[in-house]
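A.B. asks: What follows is the file work_15.cif, containing mmCIF, C-alpha atoms:
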data_query
#
loop_
_atom_site.label_atom_id
_atom_site.label_comp_id
_atom_site.auth_asym_id
_atom_site.auth_seq_id
_atom_site.Cartn_x
_atom_site.Cartn_y
_atom_site.Cartn_z
CA MET A 4 -13.09 18.26 6.24
CA LYS A 5 -13.64 14.56 5.58
CA ALA A 6 -10.66 12.20 5.87
CA ALA A 7 -9.73 8.58 6.36
CA ILE A 8 -8.17 8.05 9.78
CA VAL A 9 -6.13 5.15 11.11
CA GLU A 10 -7.31 5.57 14.69
CA SER A 11 -5.51 2.61 16.24
CA VAL A 12 -3.96 -0.68 15.15
CA GLY A 13 -6.43 -2.36 12.82
CA LYS A 14 -9.07 0.38 13.06
CA VAL A 15 -9.67 2.67 10.09
CA VAL A 16 -12.61 5.08 9.89
CA VAL A 17 -13.76 7.99 7.76
CA GLY A 18 -14.59 11.09 9.75
CA GLU A 19 -14.15 14.82 10.19
CA VAL A 20 -10.78 16.42 10.96
CA PRO A 21 -9.72 20.10 10.97
CA ASP A 22 -8.89 21.67 7.62
CA PRO A 23 -5.12 22.01 7.10
CA THR A 24 -3.48 25.42 7.29
CA PRO A 25 -0.38 26.05 5.17
CA GLY A 26 2.88 26.99 6.83
CA PRO A 27 5.00 29.80 5.34
CA ARG A 28 6.49 27.57 2.63
CA GLU A 29 3.54 25.21 2.25
CA VAL A 30 0.44 24.94 0.11
CA VAL A 31 -2.91 23.28 0.66
CA VAL A 32 -3.98 20.90 -2.10
CA GLU A 33 -7.56 19.90 -2.81
CA VAL A 34 -7.03 16.20 -3.39
CA ALA A 35 -8.28 14.78 -6.70
CA ALA A 36 -7.17 11.19 -6.08
CA CYS A 37 -5.14 9.25 -3.55
CA GLY A 38 -3.67 5.82 -4.23
CA LEU A 39 -3.51 2.91 -1.79
CA CYS A 40 -0.18 1.20 -1.21
CA GLY A 41 1.33 -1.63 0.81
CA THR A 42 2.67 1.00 3.18
CA ASP A 43 -0.94 1.85 4.07
CA LEU A 44 -1.47 -1.76 5.14
CA HIS A 45 1.61 -1.56 7.34
CA ILE A 46 0.29 1.63 8.92
CA ARG A 47 -2.99 -0.13 9.67
CA GLN A 48 -0.96 -2.90 11.29
CA GLY A 49 0.77 -0.38 13.53
CA GLU A 50 4.03 -0.27 11.58
CA PHE A 51 5.82 2.72 10.01
CA ALA A 52 3.62 5.51 11.41
CA PRO A 53 5.30 6.58 14.67
CA THR A 54 2.01 7.65 16.26
CA LEU A 55 -1.68 7.03 15.70
CA PRO A 56 -4.15 8.39 14.82
CA VAL A 57 -2.95 9.56 11.42
CA VAL A 58 -4.55 10.45 8.10
CA PRO A 59 -2.84 8.11 5.58
CA GLY A 60 -2.24 8.65 1.88
CA HIS A 61 1.18 9.36 0.41
CA GLU A 62 0.25 8.91 -3.26
CA PHE A 63 -1.85 11.88 -4.26
CA ALA A 64 -2.40 14.73 -6.66
CA GLY A 65 -4.76 17.67 -6.73
CA THR A 66 -5.23 21.39 -7.15
CA VAL A 67 -3.55 24.12 -5.08
CA VAL A 68 -6.21 26.09 -3.18
CA ALA A 69 -4.20 27.96 -0.53
CA LEU A 70 -0.65 29.33 -0.30
CA GLY A 71 1.67 30.04 2.61
CA ARG A 72 2.91 33.60 2.87
CA ASP A 73 6.37 32.82 1.41
CA VAL A 74 5.21 30.74 -1.58
CA SER A 75 5.74 32.45 -4.91
CA GLU A 76 6.47 29.61 -7.35
CA LEU A 77 2.93 28.19 -7.24
CA ALA A 78 -0.48 29.76 -7.63
CA ALA A 79 -4.01 28.84 -6.67
CA GLY A 80 -5.44 26.65 -9.39
CA ASP A 81 -2.17 24.90 -10.24
CA ARG A 82 -2.62 21.17 -10.67
CA VAL A 83 0.17 19.27 -8.91
CA ALA A 84 1.42 15.85 -7.92
CA VAL A 85 3.02 15.72 -4.48
CA ASP A 86 6.26 14.05 -3.44
CA PRO A 87 5.50 12.92 0.13
CA SER A 88 9.15 12.82 1.25
CA LEU A 89 10.04 15.00 4.25
CA HIS A 90 13.78 15.08 4.97
CA CYS A 91 15.57 16.99 7.71
CA HIS A 92 18.41 18.14 5.38
CA GLU A 93 20.73 18.16 8.41
CA CYS A 94 21.71 14.58 9.28
CA ARG A 95 24.71 12.81 7.77
CA TYR A 96 22.55 10.95 5.22
CA CYS A 97 20.78 14.08 4.03
CA ARG A 98 24.11 15.89 3.75
CA ALA A 99 25.42 12.96 1.70
CA GLY A 100 22.49 13.23 -0.70
CA ARG A 101 20.71 10.16 0.72
CA GLY A 102 17.61 11.83 2.09
CA ASN A 103 15.53 8.65 1.79
CA LEU A 104 17.69 7.30 4.64
CA CYS A 105 17.24 10.44 6.74
CA GLU A 106 17.76 9.85 10.45
CA ARG A 107 14.57 11.87 11.03
CA TRP A 108 12.76 10.35 8.07
CA ALA A 109 9.18 11.51 7.68
CA ALA A 110 6.54 11.48 4.97
CA ILE A 111 3.18 13.00 4.23
CA GLY A 112 0.59 10.31 4.87
CA VAL A 113 2.90 8.34 7.15
CA THR A 114 4.18 10.62 9.88
CA THR A 115 1.96 13.63 9.09
CA ALA A 116 -1.58 13.95 7.70
CA GLY A 117 -1.79 12.74 4.13
CA GLY A 118 -3.89 12.72 1.00
CA ALA A 119 -6.68 10.32 1.99
CA ALA A 120 -8.72 13.43 2.66
CA GLN A 121 -10.43 16.31 0.93
CA TYR A 122 -7.42 18.58 1.52
CA ALA A 123 -3.75 18.05 2.37
CA ALA A 124 -0.88 20.37 3.21
CA ALA A 125 2.50 19.94 1.53
CA PRO A 126 5.75 21.88 1.14
CA ALA A 127 5.73 23.92 -2.05
CA ALA A 128 9.07 22.34 -2.94
CA ASN A 129 7.40 18.91 -3.01
CA CYS A 130 4.81 19.88 -5.60
CA VAL A 131 5.32 19.18 -9.30
CA ARG A 132 3.05 20.93 -11.78
CA LEU A 133 1.16 18.69 -14.18
CA PRO A 134 1.12 19.37 -17.92
CA ASP A 135 -2.26 20.04 -19.50
CA HIS A 136 -2.64 16.58 -21.04
CA VAL A 137 -2.19 14.68 -17.74
CA ARG A 138 -5.41 14.10 -15.81
CA THR A 139 -5.11 15.04 -12.15
CA GLN A 140 -6.89 11.87 -10.99
CA ASP A 141 -4.34 9.75 -12.86
CA ALA A 142 -1.33 11.58 -11.40
CA ALA A 143 -1.56 9.68 -8.11
CA LEU A 144 0.46 7.06 -10.02
CA ILE A 145 3.52 9.33 -10.14
CA GLU A 146 4.62 8.61 -6.55
CA PRO A 147 4.76 4.79 -6.93
CA LEU A 148 6.43 5.28 -10.31
CA SER A 149 9.07 7.43 -8.60
CA CYS A 150 9.77 4.52 -6.24
CA ALA A 151 10.21 2.23 -9.24
CA VAL A 152 12.58 4.73 -10.85
CA ARG A 153 14.59 4.73 -7.63
CA GLY A 154 14.71 0.93 -7.81
CA TYR A 155 16.25 1.09 -11.26
CA ASP A 156 18.71 3.71 -10.08
CA VAL A 157 19.88 1.18 -7.51
CA LEU A 158 20.05 -1.66 -10.03
CA ARG A 159 22.09 0.23 -12.63
CA SER A 160 20.99 -2.47 -15.05
CA ARG A 161 23.16 -3.25 -18.02
CA LEU A 162 21.75 -3.75 -21.51
CA GLY A 163 20.68 -7.26 -22.40
CA ALA A 164 19.92 -8.42 -18.84
CA HIS A 165 17.43 -11.22 -18.18
CA VAL A 166 15.02 -10.03 -15.51
CA LEU A 167 12.68 -11.95 -13.21
CA ILE A 168 10.02 -10.08 -11.22
CA TYR A 169 8.08 -11.58 -8.35
CA GLY A 170 4.63 -10.03 -8.14
CA SER A 171 2.45 -8.43 -10.80
CA GLY A 172 0.61 -5.94 -8.66
CA THR A 173 1.06 -2.25 -9.36
CA MET A 174 4.72 -2.11 -8.37
CA GLY A 175 5.69 -5.30 -10.16
CA LEU A 176 3.99 -4.02 -13.31
CA MET A 177 5.81 -0.70 -13.03
CA MET A 178 9.11 -2.52 -12.68
CA LEU A 179 8.13 -4.51 -15.76
CA GLU A 180 7.49 -1.36 -17.78
CA LEU A 181 10.81 0.16 -16.72
CA ALA A 182 12.69 -3.09 -17.41
CA LYS A 183 11.38 -3.06 -20.97
CA ARG A 184 12.66 0.50 -21.37
CA THR A 185 16.09 -0.06 -19.85
CA GLY A 186 17.21 -2.60 -22.38
CA ALA A 187 16.28 -5.93 -20.79
CA ALA A 188 16.71 -8.92 -23.09
CA SER A 189 13.77 -10.63 -21.38
CA VAL A 190 11.38 -9.89 -18.54
CA ASP A 191 9.62 -12.78 -16.81
CA VAL A 192 6.98 -12.40 -14.11
CA VAL A 193 5.88 -14.80 -11.37
CA ASP A 194 2.61 -14.41 -9.46
CA LEU A 195 0.06 -16.73 -7.87
CA ASN A 196 -2.80 -14.44 -8.92
CA PRO A 197 -3.90 -15.39 -12.47
CA ARG A 198 -5.74 -12.11 -13.05
CA ARG A 199 -2.66 -10.09 -12.24
CA LEU A 200 -0.55 -12.34 -14.45
CA ALA A 201 -2.99 -11.67 -17.26
CA THR A 202 -2.30 -7.95 -16.91
CA ALA A 203 1.44 -8.60 -17.03
CA GLN A 204 0.92 -10.57 -20.24
CA ARG A 205 -1.16 -7.72 -21.64
CA LEU A 206 1.78 -5.38 -21.00
CA GLY A 207 4.18 -7.64 -22.87
CA VAL A 208 6.17 -9.92 -20.59
CA SER A 209 8.48 -12.51 -22.09
CA ALA A 210 6.87 -15.20 -19.92
CA ALA A 211 4.46 -15.36 -16.99
CA ALA A 212 3.92 -18.22 -14.57
CA ALA A 213 2.72 -19.14 -11.10
CA GLY A 214 6.22 -20.29 -10.19
CA ALA A 215 9.77 -19.86 -11.47
CA ASP A 216 10.10 -23.62 -12.02
CA GLU A 217 7.70 -23.21 -14.94
CA LEU A 218 10.09 -20.81 -16.68
CA ASP A 219 12.99 -21.86 -18.87
CA ARG A 220 16.05 -20.18 -17.37
CA PRO A 221 18.14 -22.98 -15.79
CA GLY A 222 21.13 -20.72 -15.14
CA GLY A 223 19.06 -18.14 -13.33
CA TRP A 224 18.36 -14.48 -14.06
CA ASP A 225 20.79 -11.57 -14.14
CA VAL A 226 18.35 -9.44 -12.17
CA VAL A 227 15.74 -10.74 -9.75
CA ILE A 228 13.29 -8.25 -8.24
CA ASP A 229 10.94 -8.99 -5.39
CA ALA A 230 7.90 -6.73 -5.56
CA THR A 231 5.84 -8.69 -3.02
CA GLY A 232 7.48 -8.43 0.40
CA ASN A 233 6.41 -12.07 0.85
CA ALA A 234 8.94 -14.31 2.61
CA ALA A 235 8.36 -17.33 0.34
CA ALA A 236 8.75 -15.24 -2.80
CA ILE A 237 11.90 -13.57 -1.46
CA GLN A 238 13.44 -16.90 -0.49
CA ASP A 239 12.70 -18.40 -3.88
CA GLY A 240 13.98 -15.33 -5.69
CA LEU A 241 17.31 -15.39 -3.87
CA ASP A 242 17.88 -18.87 -5.25
CA ARG A 243 17.14 -17.77 -8.83
CA VAL A 244 19.91 -15.18 -9.20
CA ALA A 245 22.50 -16.08 -11.84
CA LYS A 246 26.23 -15.83 -11.25
CA ALA A 247 27.29 -12.18 -10.98
CA GLY A 248 23.59 -11.29 -10.79
CA THR A 249 21.68 -8.91 -8.55
CA PHE A 250 18.71 -9.41 -6.23
CA LEU A 251 16.68 -6.27 -5.47
CA GLN A 252 14.42 -6.21 -2.44
CA PHE A 253 11.81 -3.78 -3.68
CA GLY A 254 8.63 -5.03 -2.01
CA VAL A 255 7.93 -3.89 1.55
CA ALA A 256 8.03 -6.82 3.96
CA ASP A 257 6.65 -6.98 7.48
CA TYR A 258 9.16 -6.22 10.21
CA ALA A 259 9.15 -9.87 11.28
CA THR A 260 9.87 -11.35 7.82
CA ARG A 261 13.02 -13.50 7.72
CA VAL A 262 14.78 -15.47 4.98
CA THR A 263 17.90 -17.62 4.83
CA LEU A 264 21.01 -16.59 2.90
CA ASP A 265 23.79 -18.78 1.50
CA PRO A 266 26.95 -16.72 2.26
CA TYR A 267 29.29 -19.06 0.37
CA ARG A 268 27.20 -18.84 -2.81
CA ILE A 269 27.02 -15.05 -2.51
CA TYR A 270 30.81 -14.94 -2.21
CA ASN A 271 31.63 -17.61 -4.76
CA GLN A 272 29.23 -16.37 -7.45
CA GLU A 273 29.66 -12.66 -6.74
CA ILE A 274 25.96 -12.11 -6.17
CA THR A 275 24.76 -8.67 -5.15
CA ILE A 276 21.83 -8.29 -2.76
CA THR A 277 20.49 -4.78 -2.42
CA GLY A 278 17.40 -2.79 -1.49
CA SER A 279 15.53 0.28 -2.65
CA MET A 280 13.87 2.59 -0.13
CA ALA A 281 11.09 4.92 -1.31
CA VAL A 282 11.94 8.01 -3.36
CA LEU A 283 15.33 9.63 -3.94
CA HIS A 284 15.90 12.29 -6.62
CA SER A 285 13.38 10.38 -8.74
CA TYR A 286 10.03 12.12 -8.37
CA GLU A 287 10.50 14.76 -11.08
CA ARG A 288 11.87 12.14 -13.49
CA ALA A 289 8.87 9.93 -12.76
CA ALA A 290 6.55 12.85 -13.47
CA GLU A 291 8.25 13.40 -16.82
CA LEU A 292 8.09 9.70 -17.69
CA PHE A 293 4.42 9.63 -16.73
CA ALA A 294 3.70 12.66 -18.88
CA ALA A 295 5.51 10.91 -21.76
CA GLY A 296 3.18 7.92 -21.47
CA VAL A 297 5.38 5.30 -19.83
CA LEU A 298 2.26 3.99 -18.04
CA ASP A 299 -1.32 3.60 -19.21
CA PRO A 300 -3.51 4.73 -16.29
CA GLU A 301 -6.46 2.75 -17.62
CA VAL A 302 -4.41 -0.43 -17.27
CA PHE A 303 -2.83 0.39 -13.93
CA ILE A 304 -5.83 1.84 -12.07
CA SER A 305 -8.44 -0.86 -11.60
CA ASP A 306 -10.73 0.87 -9.09
CA ARG A 307 -11.68 4.49 -8.39
CA LEU A 308 -13.69 4.54 -5.16
CA PRO A 309 -15.17 7.35 -3.07
CA LEU A 310 -13.29 8.43 0.04
CA ASP A 311 -16.17 7.10 2.16
CA ASP A 312 -15.17 3.60 1.01
CA TYR A 313 -11.56 3.91 2.19
CA PRO A 314 -11.77 1.11 4.81
CA ARG A 315 -13.35 -1.25 2.26
CA ALA A 316 -10.80 -0.21 -0.36
CA LEU A 317 -8.01 -1.08 2.05
CA ASP A 318 -9.55 -4.51 2.67
CA GLN A 319 -9.86 -5.06 -1.07
CA PHE A 320 -6.23 -4.10 -1.57
CA ALA A 321 -5.12 -6.44 1.22
CA ALA A 322 -7.04 -9.28 -0.46
CA GLY A 323 -5.13 -8.74 -3.70
CA VAL A 324 -8.24 -7.85 -5.71
CA GLY A 325 -7.52 -5.44 -8.54
CA ARG A 326 -4.41 -3.45 -9.30
CA LYS A 327 -3.96 0.16 -8.18
CA ILE A 328 -6.93 1.34 -6.14
CA VAL A 329 -7.43 5.07 -5.77
CA VAL A 330 -9.93 6.92 -3.62
CA VAL A 331 -11.53 10.08 -4.91
CA PRO A 332 -12.63 12.62 -2.27
#
Please render this file's structure as structure tokens.

C.D. replies:
Amino acid sequence: MKAAIVESVGKVVVGEVPDPTPGPREVVVEVAACGLCGTDLHIRQGEFAPTLPVVPGHEFAGTVVALGRDVSELAAGDRVAVDPSLHCHECRYCRAGRGNLCERWAAIGVTTAGGAAQYAAAPAANCVRLPDHVRTQDAALIEPLSCAVRGYDVLRSRLGAHVLIYGSGTMGLMMLELAKRTGAASVDVVDLNPRRLATAQRLGVSAAAAGADELDRPGGWDVVIDATGNAAAIQDGLDRVAKAGTFLQFGVADYATRVTLDPYRIYNQEITITGSMAVLHSYERAAELFAAGVLDPEVFISDRLPLDDYPRALDQFAAGVGRKIVVVP
């Protein structure tokens, strides 16, 4: 079958790999669409994936075409979205219900072959059936939405909060949509990319600007979310948190990224700094929210490119052109 392959650090090709074979409790999915994510850039840089080569793609949906011998809850022809999370279920974090922090953490498209291919194998337990009205090619958005839902689980936002989001790419826009639905009094967005800011304005932000200094919130924001992973944005955001406020590190930074904290201010103003890692008990809820229309796929997906264009799509994503880019095998 045809697949995108990260062969070595910085080298991505499209070539032939063996067709996947389902294990006893696995299915094989014919991929309808696979989304690109910042994690895919990290994999290309030699981060996250423990070994190369690897077929990337952890945001995907498709149709079940083969079943392992012990699979009874799915059938060939079922349309599904796939949670890429692979937890050991044995370590202390898994036993405590924190599988996203698993000591043997793994994921389809990161540590094992993923959905940037014609076919992908996945545990049956990780597959969520799609209702009839949800298009399979749009359902690649469910995985990033499940990460955003996890972020709001961590925040436990109270009604009437003033929210500031750094970054209006796909994840920043998803956090915006969830903020609007979790009772935020205002949601402001900062981004250097005017086209992305225009999309945020289209979705109904309270204010959008190239920098927080342009926004009128002298006391700071109750909730500040970084959805960029960029050191300058993170540093600026930490300084914008109001007293008793919360800073959420949601964007994925490079391993080498460093910022400076002010311990006295954190203590004196009771500021909370927290993070949100991938998916945790949020995929099914994200699928239900998606089916209910929490996101408009035509707004969020800017490009649908053939699998052959995966290397170019990754370059386009790295350049910040467009919003969610999906490849279609």

A.B. asks: Smallest atom-to-atom distance to Leu162 in chain A: which of A:Ala6, A:Ile304, A:Val226, A:Val192, using all atoms listed in the file?

C.D. replies: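 The answer is A:Val226, which sits nearest to Leu162 in chain A.
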
A.B. asks: Find the residues near range 259-264 of chain A: any atom within 12 Å, counting all atoms listed in the file, skip ones fewer than 5 places away on the same chain, and give them as a list in words.

C.D. replies: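 Once the adjacent positions are removed, what remains is His45, Glu50, Thr231, Gly232, Asn233, Ala234, Ala235, Ala236, Ile237, Gln238, Asp239, Gly240, Leu241, Asp242, Phe250, Gln252, Gly254, Ile269, Tyr270, Ile274, Thr275 and Ile276 of chain A.
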
A.B. asks: Ranking A:Leu133, A:Val157, A:Val12, A:Leu200 by minimum distance to Asp43 in chain A and counting all atoms listed in the file, which one comes first?

C.D. replies: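 Result for the nearest residue to Asp43 in chain A: A:Val12.
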
A.B. asks: Let me make sure I understand: among A:Val31, A:Ala119, A:Ala211, A:Leu144, which one has the smallest atom-to-atom distance to Pro314 in chain A if we use only C-alpha atoms?

C.D. replies: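 Between A:Val31, A:Ala119, A:Ala211, A:Leu144, the residue approaching Pro314 in chain A most closely is A:Ala119.
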
A.B. asks: Calculated over only C-alpha atoms, which of the candidates A:Gly100, A:Gly296, A:Gly248, A:Gly325 has the smallest distance to Glu180 in chain A?

C.D. replies: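 Closest to Glu180 in chain A of all the choices is A:Gly296.
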
A.B. asks: Can you list, as an NGL selection string, every protein, DNA or RNA residue that comes within 6 Å of Phe63 in chain A when you count all atoms listed in the file, leaving out same-chain residues fewer than 2 positions away?

C.D. replies: :A and (36-37 or 118 or 143)

A.B. asks: To one decimal in Å, tell me the separation between CA of Arg307 in chain A and CA of Thr173 in chain A.

C.D. replies: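 Separation of CA of Arg307 in chain A and CA of Thr173 in chain A: 14.4 Å.
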
A.B. asks: Please expand the PyMOL selection byres ((chain A and resi 219-223) around 6) into the concrete residues it hits in this file, giving the result as a list in words.

C.D. replies: Leu218, Trp224, Arg243, Val244 and Ala245 of chain A

A.B. asks: With C-alpha atoms retained, export the selected residues as a compact mmCIF listing (two decimals), keeping the file's coordinate frame.

C.D. replies:
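The file below, result_29.txt, is the result:
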# COMPACT_ATOMS: atom_id res chain seq x y z
CA LEU A 218 10.09 -20.81 -16.68
CA TRP A 224 18.36 -14.48 -14.06
CA ARG A 243 17.14 -17.77 -8.83
CA VAL A 244 19.91 -15.18 -9.20
CA ALA A 245 22.50 -16.08 -11.84

A.B. asks: When you draw a straight line from CA of Val302 in chain A to CA of Arg153 in chain A, how long is it in Å?

C.D. replies: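 Value for the CA of Val302 in chain A-CA of Arg153 in chain A distance: 21.9 Å.
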
A.B. asks: Could you check which of A:Val137, A:Ala212, A:Thr202, A:Pro197 is closest to Leu167 in chain A, using all atoms listed in the file?

C.D. replies: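 Of the candidates, the smallest distance to Leu167 in chain A is held by A:Ala212.
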
A.B. asks: Can you list, as a list in words, every protein, DNA or RNA residue that comes within 7 Å of Ile8 in chain A when you count all atoms listed in the file, leaving out same-chain residues fewer than 2 positions away?

C.D. replies: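 The residues satisfying every condition are Ala6, Glu10, Val15, Val16, Val17, Pro56, Val57, Val58 and Pro59 of chain A.
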
A.B. asks: Identify which of the residues A:Pro25, A:Glu301, A:Leu176, A:Ala289 lies closest to Arg199 in chain A, counting all atoms listed in the file when measuring atom-to-atom distances.

C.D. replies: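 For Arg199 in chain A, the nearest of the candidates is A:Leu176.
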
A.B. asks: Could you work out how far CA of Met280 in chain A lies from CA of Val32 in chain A, giving the answer in Å with one decimal?

C.D. replies: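 CA of Val32 in chain A sits 25.6 Å away from CA of Met280 in chain A.
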
A.B. asks: So that each row is one residue of range 169-245 of chain A with an atom at most 9 Å from range 145-150 of chain A, can you give its shortest atom pair and the distance in Å to one decimal, using all atoms listed in the file, rows by chain and rising number, as CSV?

C.D. replies:
residue,atom,partner,partner_atom,distance
A:Thr173,CA,A:Pro147,CA,8.3
A:Met174,CA,A:Pro147,CA,7.0
A:Met177,CA,A:Leu148,CA,6.6
A:Met178,CA,A:Leu148,CA,8.6

A.B. asks: Gly186 in chain A: which residues within 10 Å, counting only C-alpha atoms, same-chain residues fewer than 6 positions away excluded, as a PyMOL selection string?

C.D. replies: chain A and resi 160-165

A.B. asks: Written as an NGL selection string, which residues does the PyMOL selection byres ((chain A and resi 90) around 12) give for the file shown?

C.D. replies: :A and (86-89 or 91-98 or 100-111 or 114 or 126 or 128-129 or 282-283)

A.B. asks: Just range 313-324 of chain A, please, as a PDB file, in the first residue's frame (only C-alpha atoms).

C.D. replies:
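Saved result, out.pdb, follows:
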ATOM      1  CA  TYR A 313       2.190  14.688   2.050  1.00  0.00           C
ATOM      2  CA  PRO A 314       5.752  16.131   2.133  1.00  0.00           C
ATOM      3  CA  ARG A 315       4.539  19.375   0.541  1.00  0.00           C
ATOM      4  CA  ALA A 316       1.538  19.479   2.869  1.00  0.00           C
ATOM      5  CA  LEU A 317       3.880  19.183   5.839  1.00  0.00           C
ATOM      6  CA  ASP A 318       5.981  22.078   4.518  1.00  0.00           C
ATOM      7  CA  GLN A 319       2.840  24.150   4.028  1.00  0.00           C
ATOM      8  CA  PHE A 320       1.715  23.402   7.567  1.00  0.00           C
ATOM      9  CA  ALA A 321       5.142  24.334   8.953  1.00  0.00           C
ATOM     10  CA  ALA A 322       4.943  27.656   7.089  1.00  0.00           C
ATOM     11  CA  GLY A 323       1.641  28.479   8.781  1.00  0.00           C
ATOM     12  CA  VAL A 324      -0.322  28.585   5.521  1.00  0.00           C
TER      13      VAL A 324
END
